[in-house]
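Below you'll find the structure, written out as structure tokens, and then a few comments.
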Amino acid sequence: MANWLVGAALESTRNRVLSVLAVLTLLVLLIGPFFRGIPIISQSFLFYLMFWTGLALAINVVFGFTGYIPFGYFAFYGVGSYGFAMSYLHLNVPLPVAVLVGGAFGLVTGVVFLPMFRLEGIYFAIANFAGAYAIRIAINLTPDDLTGGATGLELASAYAPLQSYYAVLVVTVGVVLVTAWLLRSRLGVMLMAIRDDPIAAETSGINRGRIRSYAWLLSTVFAGLYGAIDAWNTAIVDPASSFDVLLSVKPLLYAIFGGPGTLLGPVLGAGSLYFVDTLIWRALPLGSYLLTGLVLMLVVLVLPRGIIGELEYRKLSLSGVADGLAEFWNRVVS
Amino acid sequence: MIELDGLRAGYVKGIDVLDGVTATFESDRISSIVGPNGAGKSTLLKTIYGFADVNEGTITYDGYDLTEYSPSEMLRDVGIAYVPQERSVFPELSVHENLKLGAWTIRGDETRTEAAIESVYGQFPALDEKRHARAGTLSGGQQRMLEIGRSLLTDPDIVFVDEPSAGLAPDLSENVYDSIDRLREQSVTVLLVDQNIRAAVEYGDDLFIMEQGQVVANEPTDDMTDEVEDLVSEWISAKGEIA
């Protein structure tokens, strides 16, 4: 009983600390656009901090929870940005609705990519990347009237950085909540079981094809939404920047760095690396690419489970400390 | 009973690992399947369970076509559990969480789930002692016990066990075989693939010998012909294993 109380007290303390931190962060982000005079911390910085954190969490739903590496993830971002731009320009839909259209474009493209889940490992990664690149080429070849072809579309009349800032805030809160839910839900347990041992999961009665596709589609919706909001923020879409492979690589890197399959991992990974990336980019624009590559190599070698993953694995988390104290109580005190 | 008729199956189109298997596995009995490496024993279990492609022939269970079911439906809809040859615990989850996942198909019934898990702890006390340990930290033998225990949680009608004693110390092997033996008393049908010929004959009711993708002999273990008995003796004398 005493052991349980020690554990429960520390667990609730941890949850309380995390809740307070989350509320404080949300408050800071809510008033973020009105900060003045703080170096680096600008509205744009906070926008992209949330953008990369959200994309890292969204790709984590596939990569962290199923183990699949979606190198072609940029496709869903890309179609989302085009969905936003075309629905706004050609159909005159309100901007928030156009963002939802972007999410729907991501979802539909995700459905088209679903048969690729018959492939495993590197074959999936390659097929996924090839499919994404094919979409980029296809958009290059479409009529200028529809997509702007190779030069893209301008959205000057949509430019509203404050609105797009709050849009990215809402979507990022959404992906945080979805990840937190996944970690506690049956769907999350099924996904992690499939990731760890697909055969054992299937023999336990879990349909791996169907469950994986749920995670995949959830993730593609968020990529589409982020693509749409970024198009709103920059007021331009074009094949080269909307279908940039770094939109797959960076979120993956952030998730790996922080710890895939967790909530705090991608948040911590994106937050810290984006901050360092911004500092280096200001001093040495091409240096950020070098940094990205170096960090990826170092993380894989030194922290294969990411920061949070290693902490949890080595029982250095607060819950690990709670376990340790409970064991101490059990062995020495009682 | 499970009936196979002219079964051709494999992992790649056009290459049949099973080359026309015809066999009947009777209910409430332990059917031991033995044979040299590459004979198709594990593939036979995988094919019935839906993990390999059937290219020709039929698989029926009490008249139902088993090829209609996917692997994830086998436990819930047909009542067949499967312990694969490869280690299949969830390494990052605790022993208890592994068992809870094994009871996935009855997850709505908490009372039944907990009773089933406690029953497994009763059968395998080593697991009870380590219920909060991460499954990846268990010894090979304990992981095997966990896999077998997990397969029994939902009271399946049939259990497929592939190489239950591979890599286990003798005393642990005995524990595992005893748990398989108890299944007979519970009227559970067992298909046992084993390289340990001595155990396969001792614990099995029927012996199926496979060679080159076919069942070449099928006899009750208490009434074997001289030819099969000589073959079995020869294999056992070769350290109880097939080279």
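In the structure tokens, chains take letters A, B, ... by order of appearance, with residues numbered from 1 within each chain and ligands from 1 in the order shown.
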
(request) Would you list the contacts of stretch 122-125 of chain B as a list in words, taking every protein, DNA or RNA residue within 8 Å and counting only C-alpha atoms, but skipping same-chain residues closer than 3 positions in sequence? (result) Glu118, Ser119, Asp128, Glu129, Met145, Gly149 and Ser179 of chain B

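When the distance limit is 9 Å and only C-alpha atoms are what count, the residues near B:Arg134, minus those fewer than 2 positions from it on the same chain, are B:Phe90, B:Pro91, B:Glu92, B:Leu93, B:Ser94, B:Val95, B:Lys130, B:Arg131, B:His132, B:Gly136, B:Thr137, B:Leu138.
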
(request) Quote the spacing between atom CA of A:Ala22 and atom CA of A:Ser42 in Å to one decimal place. (result) 20.1 Å

Per residue of chain A within 12 Å of chain B, record the nearest atom pair and its distance in Å to one decimal, counting only C-alpha atoms, with rows in chain order and ascending residue number, as a Markdown table.
| residue | atom | partner | partner_atom | distance |
| --- | --- | --- | --- | --- |
| A:Arg186 | CA | B:Trp104 | CA | 9.8 |
| A:Leu187 | CA | B:Trp104 | CA | 11.8 |
| A:Val189 | CA | B:Leu101 | CA | 8.6 |
| A:Met190 | CA | B:Leu101 | CA | 8.5 |
| A:Leu191 | CA | B:Leu101 | CA | 11.8 |
| A:Met192 | CA | B:Phe90 | CA | 9.0 |
| A:Ala193 | CA | B:Phe90 | CA | 6.7 |
| A:Ile194 | CA | B:Phe90 | CA | 9.1 |
| A:Arg195 | CA | B:Phe90 | CA | 9.2 |
| A:Asp196 | CA | B:Phe90 | CA | 5.8 |
| A:Asp197 | CA | B:Phe90 | CA | 6.3 |
| A:Pro198 | CA | B:Ser88 | CA | 8.8 |
| A:Ile199 | CA | B:Ser88 | CA | 7.3 |
| A:Ala200 | CA | B:Ser88 | CA | 5.4 |
| A:Ala201 | CA | B:Leu101 | CA | 8.0 |
| A:Glu202 | CA | B:Ser72 | CA | 4.7 |
| A:Thr203 | CA | B:Ser72 | CA | 5.8 |
| A:Ser204 | CA | B:Gly102 | CA | 5.2 |
| A:Gly205 | CA | B:Ser72 | CA | 4.2 |
| A:Ile206 | CA | B:Ser72 | CA | 5.3 |
| A:Asn207 | CA | B:Ser72 | CA | 5.1 |
| A:Arg208 | CA | B:Ser72 | CA | 7.8 |
| A:Gly209 | CA | B:Ser72 | CA | 9.8 |
| A:Arg210 | CA | B:Ser72 | CA | 10.5 |
| A:Ile211 | CA | B:Ser72 | CA | 11.2 |
| A:Gly261 | CA | B:Glu92 | CA | 11.9 |
| A:Arg305 | CA | B:Glu92 | CA | 11.9 |
| A:Gly309 | CA | B:Glu92 | CA | 11.0 |
| A:Glu312 | CA | B:Glu92 | CA | 10.5 |
| A:Tyr313 | CA | B:Glu92 | CA | 8.6 |
| A:Arg314 | CA | B:Arg134 | CA | 11.9 |
| A:Lys315 | CA | B:Arg134 | CA | 11.6 |
| A:Asp323 | CA | B:His132 | CA | 10.6 |
| A:Glu327 | CA | B:His132 | CA | 11.7 |

Please produce a file of the residues just selected, as an mmCIF file, in the first residue's frame, where the atoms kept are N, CA and C atoms.
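Heads up, here's the output in part_38.cif:
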data_model
loop_
_atom_site.group_PDB
_atom_site.id
_atom_site.type_symbol
_atom_site.label_atom_id
_atom_site.label_comp_id
_atom_site.auth_asym_id
_atom_site.auth_seq_id
_atom_site.Cartn_x
_atom_site.Cartn_y
_atom_site.Cartn_z
ATOM 1 N N ARG A 186 -6.467 2.479 -26.760
ATOM 2 C CA ARG A 186 -6.290 1.123 -27.284
ATOM 3 C C ARG A 186 -5.605 1.162 -28.642
ATOM 4 N N LEU A 187 -5.963 2.177 -29.447
ATOM 5 C CA LEU A 187 -5.335 2.283 -30.770
ATOM 6 C C LEU A 187 -3.821 2.416 -30.619
ATOM 7 N N VAL A 189 -1.929 1.416 -28.103
ATOM 8 C CA VAL A 189 -1.362 0.142 -27.634
ATOM 9 C C VAL A 189 -1.228 -0.823 -28.807
ATOM 10 N N MET A 190 -2.272 -0.867 -29.648
ATOM 11 C CA MET A 190 -2.225 -1.765 -30.809
ATOM 12 C C MET A 190 -1.087 -1.376 -31.748
ATOM 13 N N LEU A 191 -0.948 -0.059 -31.975
ATOM 14 C CA LEU A 191 0.096 0.408 -32.888
ATOM 15 C C LEU A 191 1.480 0.033 -32.370
ATOM 16 N N MET A 192 1.686 0.239 -31.066
ATOM 17 C CA MET A 192 3.004 -0.059 -30.511
ATOM 18 C C MET A 192 3.277 -1.558 -30.495
ATOM 19 N N ALA A 193 2.217 -2.342 -30.293
ATOM 20 C CA ALA A 193 2.379 -3.797 -30.339
ATOM 21 C C ALA A 193 2.788 -4.230 -31.750
ATOM 22 N N ILE A 194 2.129 -3.657 -32.756
ATOM 23 C CA ILE A 194 2.450 -4.001 -34.148
ATOM 24 C C ILE A 194 3.885 -3.587 -34.472
ATOM 25 N N ARG A 195 4.268 -2.392 -33.989
ATOM 26 C CA ARG A 195 5.640 -1.909 -34.248
ATOM 27 C C ARG A 195 6.671 -2.861 -33.641
ATOM 28 N N ASP A 196 6.416 -3.309 -32.404
ATOM 29 C CA ASP A 196 7.408 -4.129 -31.717
ATOM 30 C C ASP A 196 7.460 -5.552 -32.248
ATOM 31 N N ASP A 197 6.340 -6.120 -32.618
ATOM 32 C CA ASP A 197 6.339 -7.483 -33.155
ATOM 33 C C ASP A 197 5.049 -7.727 -33.935
ATOM 34 N N PRO A 198 5.090 -7.494 -35.237
ATOM 35 C CA PRO A 198 3.868 -7.606 -36.047
ATOM 36 C C PRO A 198 3.229 -8.989 -35.995
ATOM 37 N N ILE A 199 4.048 -10.038 -35.977
ATOM 38 C CA ILE A 199 3.491 -11.401 -35.977
ATOM 39 C C ILE A 199 2.787 -11.672 -34.645
ATOM 40 N N ALA A 200 3.465 -11.295 -33.552
ATOM 41 C CA ALA A 200 2.855 -11.525 -32.235
ATOM 42 C C ALA A 200 1.567 -10.719 -32.094
ATOM 43 N N ALA A 201 1.575 -9.496 -32.636
ATOM 44 C CA ALA A 201 0.372 -8.667 -32.555
ATOM 45 C C ALA A 201 -0.770 -9.319 -33.316
ATOM 46 N N GLU A 202 -0.434 -9.824 -34.499
ATOM 47 C CA GLU A 202 -1.483 -10.426 -35.336
ATOM 48 C C GLU A 202 -2.032 -11.702 -34.699
ATOM 49 N N THR A 203 -1.127 -12.493 -34.104
ATOM 50 C CA THR A 203 -1.614 -13.724 -33.471
ATOM 51 C C THR A 203 -2.386 -13.413 -32.183
ATOM 52 N N SER A 204 -2.271 -12.171 -31.694
ATOM 53 C CA SER A 204 -3.089 -11.764 -30.542
ATOM 54 C C SER A 204 -4.439 -11.225 -30.992
ATOM 55 N N GLY A 205 -4.657 -11.187 -32.295
ATOM 56 C CA GLY A 205 -5.955 -10.752 -32.813
ATOM 57 C C GLY A 205 -5.984 -9.314 -33.294
ATOM 58 N N ILE A 206 -4.813 -8.700 -33.461
ATOM 59 C CA ILE A 206 -4.773 -7.302 -33.912
ATOM 60 C C ILE A 206 -4.547 -7.273 -35.423
ATOM 61 N N ASN A 207 -5.433 -6.608 -36.142
ATOM 62 C CA ASN A 207 -5.329 -6.534 -37.603
ATOM 63 C C ASN A 207 -4.337 -5.441 -37.978
ATOM 64 N N ARG A 208 -3.117 -5.835 -38.310
ATOM 65 C CA ARG A 208 -2.060 -4.825 -38.461
ATOM 66 C C ARG A 208 -2.284 -3.907 -39.656
ATOM 67 N N GLY A 209 -2.830 -4.461 -40.747
ATOM 68 C CA GLY A 209 -3.053 -3.626 -41.928
ATOM 69 C C GLY A 209 -4.019 -2.485 -41.622
ATOM 70 N N ARG A 210 -5.127 -2.826 -40.976
ATOM 71 C CA ARG A 210 -6.156 -1.821 -40.720
ATOM 72 C C ARG A 210 -5.676 -0.795 -39.680
ATOM 73 N N ILE A 211 -5.053 -1.279 -38.632
ATOM 74 C CA ILE A 211 -4.638 -0.384 -37.551
ATOM 75 C C ILE A 211 -3.546 0.575 -38.031
ATOM 76 N N GLY A 261 7.804 7.775 -30.726
ATOM 77 C CA GLY A 261 6.825 6.987 -29.974
ATOM 78 C C GLY A 261 6.476 7.592 -28.625
ATOM 79 N N ARG A 305 17.491 5.706 -29.125
ATOM 80 C CA ARG A 305 16.083 5.812 -28.713
ATOM 81 C C ARG A 305 15.657 7.265 -28.555
ATOM 82 N N GLY A 309 13.392 8.722 -25.043
ATOM 83 C CA GLY A 309 13.411 7.258 -25.126
ATOM 84 C C GLY A 309 14.527 6.674 -24.270
ATOM 85 N N GLU A 312 13.725 7.093 -20.536
ATOM 86 C CA GLU A 312 12.734 6.118 -20.084
ATOM 87 C C GLU A 312 13.344 4.727 -20.017
ATOM 88 N N TYR A 313 14.153 4.409 -21.049
ATOM 89 C CA TYR A 313 14.752 3.077 -21.085
ATOM 90 C C TYR A 313 15.686 2.874 -19.890
ATOM 91 N N ARG A 314 16.425 3.914 -19.566
ATOM 92 C CA ARG A 314 17.368 3.795 -18.443
ATOM 93 C C ARG A 314 16.716 4.149 -17.111
ATOM 94 N N LYS A 315 15.395 4.271 -17.120
ATOM 95 C CA LYS A 315 14.643 4.544 -15.893
ATOM 96 C C LYS A 315 15.084 5.843 -15.240
ATOM 97 N N ASP A 323 9.590 4.441 -9.597
ATOM 98 C CA ASP A 323 9.792 2.990 -9.499
ATOM 99 C C ASP A 323 10.945 2.678 -8.557
ATOM 100 N N GLU A 327 10.847 0.679 -5.078
ATOM 101 C CA GLU A 327 11.664 -0.512 -4.861
ATOM 102 C C GLU A 327 12.488 -0.361 -3.583
#

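When atom CA of A:Asn60 is paired with atom CA of A:Leu284, their separation reads 29.2 Å.
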
Just the residues within 8 Å of B:Gln85, please, counting only C-alpha atoms, with nothing from its chain fewer than 2 positions along; format it as a PDB file with N, CA, C and O atoms, in the first residue's frame.
ATOM      1  N   SER B  42       7.397 -25.679 -40.345  1.00  0.00           N
ATOM      2  CA  SER B  42       6.945 -24.358 -39.877  1.00  0.00           C
ATOM      3  C   SER B  42       6.044 -23.697 -40.913  1.00  0.00           C
ATOM      4  O   SER B  42       5.063 -23.029 -40.570  1.00  0.00           O
ATOM      5  N   VAL B  83       1.960 -20.076 -31.449  1.00  0.00           N
ATOM      6  CA  VAL B  83       3.231 -19.677 -30.836  1.00  0.00           C
ATOM      7  C   VAL B  83       4.310 -19.887 -31.892  1.00  0.00           C
ATOM      8  O   VAL B  83       4.704 -21.024 -32.169  1.00  0.00           O
ATOM      9  N   ARG B  87      11.201 -15.697 -31.510  1.00  0.00           N
ATOM     10  CA  ARG B  87      10.783 -15.042 -30.266  1.00  0.00           C
ATOM     11  C   ARG B  87       9.762 -13.959 -30.596  1.00  0.00           C
ATOM     12  O   ARG B  87       9.943 -13.173 -31.533  1.00  0.00           O
ATOM     13  N   VAL B 161       2.106 -24.855 -31.897  1.00  0.00           N
ATOM     14  CA  VAL B 161       3.353 -24.539 -31.185  1.00  0.00           C
ATOM     15  C   VAL B 161       4.525 -24.954 -32.067  1.00  0.00           C
ATOM     16  O   VAL B 161       4.646 -26.112 -32.444  1.00  0.00           O
ATOM     17  N   ASP B 162       5.365 -23.989 -32.386  1.00  0.00           N
ATOM     18  CA  ASP B 162       6.504 -24.250 -33.271  1.00  0.00           C
ATOM     19  C   ASP B 162       7.790 -24.225 -32.450  1.00  0.00           C
ATOM     20  O   ASP B 162       8.183 -23.179 -31.933  1.00  0.00           O
ATOM     21  N   GLU B 163       8.429 -25.341 -32.333  1.00  0.00           N
ATOM     22  CA  GLU B 163       9.704 -25.490 -31.602  1.00  0.00           C
ATOM     23  C   GLU B 163       9.606 -24.956 -30.167  1.00  0.00           C
ATOM     24  O   GLU B 163      10.261 -23.979 -29.817  1.00  0.00           O
ATOM     25  N   PRO B 164       8.835 -25.598 -29.312  1.00  0.00           N
ATOM     26  CA  PRO B 164       8.660 -25.047 -27.961  1.00  0.00           C
ATOM     27  C   PRO B 164       9.919 -25.050 -27.124  1.00  0.00           C
ATOM     28  O   PRO B 164      10.061 -24.226 -26.221  1.00  0.00           O
TER      29      PRO B 164
END

(request) Apply DSSP to the structure's backbone, then extract all residues of stretch 32-225 of chain B labelled helix (DSSP H, G or I) and return them as a ChimeraX atom specification. (result) /B:41-49,66-68,71-78,95-102,104-106,110-123,125-129,135-137,140-151,170-185,197-203

(request) For atom CA of B:Leu207 and atom CA of B:Ile158, determine how far apart the two atoms are, in Å to one decimal place. (result) 16.9 Å

(request) Please run DSSP on the backbone and report, as an MDAnalysis selection string, all residues within stretch 40-225 of chain B that come out as strand (DSSP E). (result) chainID B and resid 53:61 64:65 80:83 158:162 189:193 206:211 214:220

Output of the above residues as an mmCIF file, in the first residue's frame, restricted to C-alpha atoms:
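Below you can see selection_38.cif, which holds the result:
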data_model
loop_
_atom_site.group_PDB
_atom_site.id
_atom_site.type_symbol
_atom_site.label_atom_id
_atom_site.label_comp_id
_atom_site.auth_asym_id
_atom_site.auth_seq_id
_atom_site.Cartn_x
_atom_site.Cartn_y
_atom_site.Cartn_z
ATOM 1 C CA ASP B 53 0.045 -17.948 -49.597
ATOM 2 C CA VAL B 54 -2.050 -20.961 -50.596
ATOM 3 C CA ASN B 55 -1.478 -21.648 -54.288
ATOM 4 C CA GLU B 56 -3.566 -24.809 -54.541
ATOM 5 C CA GLY B 57 -5.568 -27.198 -52.347
ATOM 6 C CA THR B 58 -7.847 -26.730 -49.356
ATOM 7 C CA ILE B 59 -7.628 -26.192 -45.596
ATOM 8 C CA THR B 60 -10.781 -26.891 -43.625
ATOM 9 C CA TYR B 61 -11.613 -26.979 -39.933
ATOM 10 C CA TYR B 64 -15.120 -24.366 -42.578
ATOM 11 C CA ASP B 65 -12.682 -23.005 -45.144
ATOM 12 C CA ILE B 80 -6.687 -21.038 -32.986
ATOM 13 C CA ALA B 81 -3.680 -19.691 -31.054
ATOM 14 C CA TYR B 82 -0.167 -19.686 -32.494
ATOM 15 C CA VAL B 83 3.231 -19.677 -30.836
ATOM 16 C CA ILE B 158 -6.473 -25.343 -31.074
ATOM 17 C CA VAL B 159 -2.885 -24.301 -30.339
ATOM 18 C CA PHE B 160 -0.048 -24.307 -32.860
ATOM 19 C CA VAL B 161 3.353 -24.539 -31.185
ATOM 20 C CA ASP B 162 6.504 -24.250 -33.271
ATOM 21 C CA THR B 189 -6.064 -29.754 -30.084
ATOM 22 C CA VAL B 190 -2.319 -29.165 -30.457
ATOM 23 C CA LEU B 191 -0.201 -29.080 -33.607
ATOM 24 C CA LEU B 192 3.368 -29.353 -32.391
ATOM 25 C CA VAL B 193 6.325 -28.796 -34.698
ATOM 26 C CA ASP B 206 -0.020 -38.775 -33.595
ATOM 27 C CA LEU B 207 3.251 -38.454 -35.475
ATOM 28 C CA PHE B 208 3.443 -36.744 -38.868
ATOM 29 C CA ILE B 209 6.729 -37.037 -40.753
ATOM 30 C CA MET B 210 7.440 -34.408 -43.397
ATOM 31 C CA GLU B 211 10.031 -34.501 -46.138
ATOM 32 C CA GLN B 214 5.045 -33.464 -48.146
ATOM 33 C CA VAL B 215 3.673 -35.570 -45.305
ATOM 34 C CA VAL B 216 5.270 -38.950 -46.007
ATOM 35 C CA ALA B 217 4.050 -40.836 -42.926
ATOM 36 C CA ASN B 218 1.303 -40.451 -40.330
ATOM 37 C CA GLU B 219 0.916 -42.884 -37.446
ATOM 38 C CA PRO B 220 -0.243 -42.935 -33.805
#

(request) Please provide as a list of chain:residue names all residues within 9 Å of B:Ile180, with the sequence filter that same-chain residues fewer than 2 positions apart are discarded (counting only C-alpha atoms). (result)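 In the requested form, the answer reads B:Ile30, B:Ile148, B:Val161, B:Asn175, B:Val176, B:Tyr177, B:Asp178, B:Arg182, B:Leu183, B:Arg184, B:Val190, B:Tyr203.
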
(message) Considering only C-alpha atoms, can you say which of A:Trp232, A:Leu153, A:Pro304, A:Trp52 comes closest to A:Gly269?
(response)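 Among A:Trp232, A:Leu153, A:Pro304, A:Trp52, it is A:Trp52 that comes nearest to A:Gly269.
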
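The smallest atom-to-atom distance between B:Asn37 and any of B:Asp194, B:Asp226, B:Asp205, B:Asp181, using only C-alpha atoms, is found for B:Asp194.
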
(message) Neighbouring residues of stretch 65-72 of chain A were defined as those with any atom within 8 Å, considering only C-alpha atoms; residues of the same chain fewer than 6 positions away were excluded. Please report them as a ChimeraX atom specification.
(response) /A:59,120-122,124-126,128-133,188,191-192,194-195,212,215,245,248-249,260-261

Can those selected residues be exported to a file as a short mmCIF file (atom, residue, chain, number, x, y, z; two decimals), in the first residue's frame so that it contains N, CA, C and O atoms?
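Generated output (selection.cif):
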data_model
loop_
_atom_site.label_atom_id
_atom_site.label_comp_id
_atom_site.auth_asym_id
_atom_site.auth_seq_id
_atom_site.Cartn_x
_atom_site.Cartn_y
_atom_site.Cartn_z
N ILE A 59 4.47 13.28 -37.88
CA ILE A 59 5.22 12.19 -38.51
C ILE A 59 5.50 11.09 -37.48
O ILE A 59 5.62 9.91 -37.82
N GLU A 120 7.46 -3.47 -46.73
CA GLU A 120 8.04 -3.30 -45.39
C GLU A 120 9.37 -2.57 -45.52
O GLU A 120 9.98 -2.53 -46.58
N GLY A 121 9.79 -1.98 -44.42
CA GLY A 121 11.13 -1.43 -44.28
C GLY A 121 11.53 -0.45 -45.36
O GLY A 121 10.77 0.45 -45.73
N ILE A 122 12.71 -0.69 -45.92
CA ILE A 122 13.30 0.25 -46.87
C ILE A 122 12.48 0.32 -48.16
O ILE A 122 12.44 1.35 -48.84
N PHE A 124 9.24 0.23 -48.40
CA PHE A 124 8.18 1.21 -48.16
C PHE A 124 8.74 2.62 -48.27
O PHE A 124 8.15 3.50 -48.91
N ALA A 125 9.89 2.84 -47.65
CA ALA A 125 10.49 4.19 -47.64
C ALA A 125 10.77 4.66 -49.07
O ALA A 125 10.48 5.81 -49.44
N ILE A 126 11.30 3.76 -49.91
CA ILE A 126 11.64 4.12 -51.29
C ILE A 126 10.37 4.38 -52.10
O ILE A 126 10.26 5.40 -52.81
N ASN A 128 7.47 5.18 -51.09
CA ASN A 128 6.83 6.37 -50.56
C ASN A 128 7.48 7.64 -51.11
O ASN A 128 6.80 8.58 -51.54
N PHE A 129 8.80 7.63 -51.12
CA PHE A 129 9.54 8.78 -51.63
C PHE A 129 9.28 8.96 -53.13
O PHE A 129 9.04 10.08 -53.60
N ALA A 130 9.30 7.83 -53.85
CA ALA A 130 9.07 7.90 -55.31
C ALA A 130 7.68 8.44 -55.61
O ALA A 130 7.49 9.28 -56.50
N GLY A 131 6.70 7.98 -54.85
CA GLY A 131 5.32 8.45 -55.05
C GLY A 131 5.20 9.94 -54.81
O GLY A 131 4.54 10.68 -55.56
N ALA A 132 5.86 10.41 -53.75
CA ALA A 132 5.81 11.83 -53.41
C ALA A 132 6.47 12.67 -54.51
O ALA A 132 5.96 13.73 -54.90
N TYR A 133 7.58 12.16 -55.01
CA TYR A 133 8.29 12.90 -56.04
C TYR A 133 7.48 12.94 -57.34
O TYR A 133 7.50 13.93 -58.08
N GLY A 188 -3.39 3.26 -29.66
CA GLY A 188 -1.95 3.44 -29.44
C GLY A 188 -1.29 2.16 -29.00
O GLY A 188 -0.20 1.81 -29.49
N LEU A 191 -0.95 -0.06 -31.98
CA LEU A 191 0.10 0.41 -32.89
C LEU A 191 1.48 0.03 -32.37
O LEU A 191 2.34 -0.44 -33.12
N MET A 192 1.69 0.24 -31.07
CA MET A 192 3.00 -0.06 -30.51
C MET A 192 3.28 -1.56 -30.49
O MET A 192 4.41 -1.99 -30.69
N ILE A 194 2.13 -3.66 -32.76
CA ILE A 194 2.45 -4.00 -34.15
C ILE A 194 3.89 -3.59 -34.47
O ILE A 194 4.63 -4.31 -35.11
N ARG A 195 4.27 -2.39 -33.99
CA ARG A 195 5.64 -1.91 -34.25
C ARG A 195 6.67 -2.86 -33.64
O ARG A 195 7.66 -3.20 -34.28
N ARG A 212 -2.59 0.05 -38.82
CA ARG A 212 -1.54 0.91 -39.36
C ARG A 212 -2.13 2.00 -40.25
O ARG A 212 -1.67 3.14 -40.24
N ALA A 215 -3.37 5.06 -38.35
CA ALA A 215 -2.30 5.97 -37.93
C ALA A 215 -1.80 6.78 -39.13
O ALA A 215 -1.56 7.99 -39.04
N VAL A 245 12.10 17.80 -49.84
CA VAL A 245 12.33 16.59 -49.05
C VAL A 245 12.69 16.90 -47.60
O VAL A 245 12.49 16.08 -46.70
N SER A 248 10.23 16.18 -45.00
CA SER A 248 10.18 14.82 -44.42
C SER A 248 11.34 14.62 -43.46
O SER A 248 11.17 14.07 -42.36
N VAL A 249 12.53 15.06 -43.90
CA VAL A 249 13.75 14.74 -43.14
C VAL A 249 13.79 15.46 -41.79
O VAL A 249 14.11 14.85 -40.77
N PRO A 260 11.25 8.90 -30.57
CA PRO A 260 10.02 8.53 -31.28
C PRO A 260 9.09 7.69 -30.41
O PRO A 260 9.53 7.02 -29.48
N GLY A 261 7.80 7.77 -30.73
CA GLY A 261 6.82 6.99 -29.97
C GLY A 261 6.48 7.59 -28.63
O GLY A 261 5.84 6.94 -27.80
#
